[in-house]
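So the structure is just underneath, and the comments pick up after that.
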Amino acid sequence: MKAKFASVPYLLWMVIFTIVPMLLILLFAFTSPEGGFTIANISAVGRYTDVIMKSIWLAAIATAICLLLSYPFAYIISRRSARRQQVSLMLIMLPMWMSFLLRTFAWMTLLEKTGLINRILGVFGIGPFEMINTPGAVVLGMVYNYLPFMILPLHSVMMKIEDSIIEAAQDLGASPMRVFFRVVLPLSFPGVSSGITMVFVPAVSTFIISRMLGGGSNLLIGDLIDMQFLGNAYNPHLGSAISLVLMVIILLCMSIMNQFDDDVDMEGAIL
């Protein structure tokens, strides 16, 4: 009985800050400014298909780069002693102690035409290059800001993989590649799935990174939503419709990753 009462504050928090906002989004998405039911807002989202596809594409590229960088790094950390793991994780988390806005602004000063990177390249007679206000700069900002969200779940899973399991596979004659694909990768896939979700979701919905590093020419779905609620093109009904489409995209991606998890679990059961 006490446990039920203890959960009441959390249930209230979830209702007020999760369920109620989602219901408001649904209400605004399917109503007109006059209050009548309409699907015109959902239909209007089709005008921004290019922006939505670009957002998904750039977020997917950033997620793939984060995975490629994080996987070997997380594996190396997981094989170290407990003290070295703590130090490595602290260094990974250290940039996150700084404001997200300041970290992104720092990349603006690095990538601009008179920034530090172009100045260093200029010493060798190279450049200057147009690095700021490009899709590449947006992807770079995503990778830099969300890389820890890929490393941490990978590390938490990989540290549970016993060395004896890897040694057993090697003793049975498995090559390093076979050990990786048949032992390490299946056991670490829950971390891969969690990392992909934790990086892709904020990357596809970001607007600060695209605004600061991409300029006005690299509009993403997060920028569209921000413009409808806070910009000159104030239209909360259209903004809610775009937000609803974004939620559907995120839920689809999460369901796909859960399906992969189920397939890996089934394969592990058969093996």
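Residues in the structure tokens are named by chain (A, B, ... in the order shown) and by number from 1 within that chain; ligands are numbered from 1 in the order shown.
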Under the rule of at most 10 Å, produce a per-residue listing of stretch 100-177 of chain A near stretch 90-96 of chain A: chain, number, name, the closest pair of atoms, and the distance in Å, as CSV, using only C-alpha atoms.
residue,atom,partner,partner_atom,distance
A:Phe100,CA,A:Met96,CA,7.3
A:Arg103,CA,A:Pro95,CA,7.9
A:Tyr144,CA,A:Pro95,CA,9.6
A:Asn145,CA,A:Met96,CA,8.0
A:Tyr146,CA,A:Met96,CA,9.6
A:Leu147,CA,A:Ile92,CA,8.9
A:Pro148,CA,A:Ile92,CA,6.3
A:Phe149,CA,A:Met93,CA,9.6
A:Ile151,CA,A:Ile92,CA,8.4
A:Leu152,CA,A:Ile92,CA,8.8
Write the residues of the preceding selection, restricted to C-alpha atoms, as a compact mmCIF listing (two decimals), in the first residue's frame.
# COMPACT_ATOMS: atom_id res chain seq x y z
CA PHE A 100 25.26 22.70 -24.72
CA ARG A 103 29.91 23.93 -26.79
CA TYR A 144 30.45 16.10 -31.04
CA ASN A 145 27.46 16.77 -28.79
CA TYR A 146 25.87 13.30 -28.88
CA LEU A 147 28.94 11.04 -28.99
CA PRO A 148 28.86 10.38 -25.20
CA PHE A 149 25.28 9.12 -25.55
CA ILE A 151 29.71 5.52 -25.78
CA LEU A 152 28.02 5.16 -22.39
If you take only C-alpha atoms and a cut-off of 9 Å, which residues of stretch 198-254 of chain A touch stretch 62-86 of chain A, and what are their nearest atom pairs and distances in Å to one decimal, in chain and number order, as JSON lines?
{"residue": "A:Val199", "atom": "CA", "partner": "A:Thr63", "partner_atom": "CA", "distance": 5.9}
{"residue": "A:Phe200", "atom": "CA", "partner": "A:Thr63", "partner_atom": "CA", "distance": 5.8}
{"residue": "A:Ala203", "atom": "CA", "partner": "A:Ala62", "partner_atom": "CA", "distance": 7.6}
Store the residues of this selection in a file with all heavy atoms, as a short mmCIF file (atom, residue, chain, number, x, y, z; two decimals), in the first residue's frame.
data_model
loop_
_atom_site.label_atom_id
_atom_site.label_comp_id
_atom_site.auth_asym_id
_atom_site.auth_seq_id
_atom_site.Cartn_x
_atom_site.Cartn_y
_atom_site.Cartn_z
N VAL A 199 21.10 8.64 -29.69
CA VAL A 199 21.74 9.63 -30.55
C VAL A 199 20.78 10.10 -31.64
O VAL A 199 20.66 11.31 -31.90
CB VAL A 199 23.02 9.06 -31.19
CG1 VAL A 199 23.58 10.02 -32.25
CG2 VAL A 199 24.08 8.80 -30.12
N PHE A 200 20.08 9.17 -32.27
CA PHE A 200 19.23 9.54 -33.41
C PHE A 200 18.07 10.44 -32.99
O PHE A 200 17.75 11.40 -33.69
CB PHE A 200 18.69 8.28 -34.08
CG PHE A 200 17.83 8.56 -35.28
CD1 PHE A 200 18.40 8.86 -36.50
CD2 PHE A 200 16.44 8.55 -35.19
CE1 PHE A 200 17.62 9.13 -37.61
CE2 PHE A 200 15.64 8.81 -36.28
CZ PHE A 200 16.23 9.11 -37.49
N ALA A 203 19.21 13.98 -32.37
CA ALA A 203 19.81 14.51 -33.59
C ALA A 203 18.76 14.89 -34.62
O ALA A 203 18.86 15.94 -35.28
CB ALA A 203 20.79 13.49 -34.19
#
Q) Can you list every residue in stretch 37-240 of chain A that DSSP puts in helix (DSSP H, G or I), as a ChimeraX atom specification? A) /A:40-78,82-97,100-111,116-123,135-158,163-171,176-204,208-217,221-230,236-240
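Closest approach to A:Asp226 from the set A:Ser32, A:Ser255, A:Ser210, A:Gln170 is made by A:Ser210, with distances taken over only C-alpha atoms.
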Which residues of stretch 173-268 of chain A come within 12 Å of stretch 111-119 of chain A, and what is each one's closest atom pair and distance in Å (one decimal), counting only C-alpha atoms, sorted by chain and residue number, as JSON lines?
{"residue": "A:Met212", "atom": "CA", "partner": "A:Leu111", "partner_atom": "CA", "distance": 11.1}
{"residue": "A:Leu213", "atom": "CA", "partner": "A:Leu111", "partner_atom": "CA", "distance": 8.5}
{"residue": "A:Gly214", "atom": "CA", "partner": "A:Leu111", "partner_atom": "CA", "distance": 11.0}
{"residue": "A:Gly215", "atom": "CA", "partner": "A:Glu112", "partner_atom": "CA", "distance": 11.6}
Keeping only N, CA and C atoms, write the selected residues as a PDB file, in the first residue's frame.
ATOM      1  N   MET A 212      22.935  27.220 -35.448  1.00  0.00           N
ATOM      2  CA  MET A 212      24.221  27.855 -35.189  1.00  0.00           C
ATOM      3  C   MET A 212      25.306  27.421 -36.172  1.00  0.00           C
ATOM      4  N   LEU A 213      25.288  26.163 -36.578  1.00  0.00           N
ATOM      5  CA  LEU A 213      26.345  25.660 -37.459  1.00  0.00           C
ATOM      6  C   LEU A 213      25.895  25.518 -38.904  1.00  0.00           C
ATOM      7  N   GLY A 214      24.586  25.458 -39.133  1.00  0.00           N
ATOM      8  CA  GLY A 214      24.090  25.276 -40.486  1.00  0.00           C
ATOM      9  C   GLY A 214      23.602  26.534 -41.154  1.00  0.00           C
ATOM     10  N   GLY A 215      23.316  27.567 -40.359  1.00  0.00           N
ATOM     11  CA  GLY A 215      22.801  28.792 -40.945  1.00  0.00           C
ATOM     12  C   GLY A 215      21.378  28.607 -41.464  1.00  0.00           C
TER      13      GLY A 215
END
Q | Residue contacts of stretch 20-23 of chain A (12 Å, only C-alpha atoms) excluding same-chain residues fewer than 4 positions away, as a count of residues only | A | 14
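Shortest separation to A:Ser194 among A:Ser156, A:Leu58, A:Ala44, A:Lys4 occurs at residue A:Ser156, atoms counted being only C-alpha atoms.
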Would you tabulate, counting only C-alpha atoms, all residues of stretch 129-240 of chain A that have an atom at most 10 Å from an atom of stretch 40-43 of chain A, showing the closest pair of atoms and their distance in Å to one decimal, sorted by chain then ascending number, as a tab-separated table?
residue	atom	partner	partner_atom	distance
A:Asn235	CA	A:Asn41	CA	9.9
A:Pro236	CA	A:Asn41	CA	9.9
A:His237	CA	A:Asn41	CA	6.6
A:Leu238	CA	A:Asn41	CA	5.2
A:Gly239	CA	A:Asn41	CA	8.6
A:Ser240	CA	A:Asn41	CA	8.4
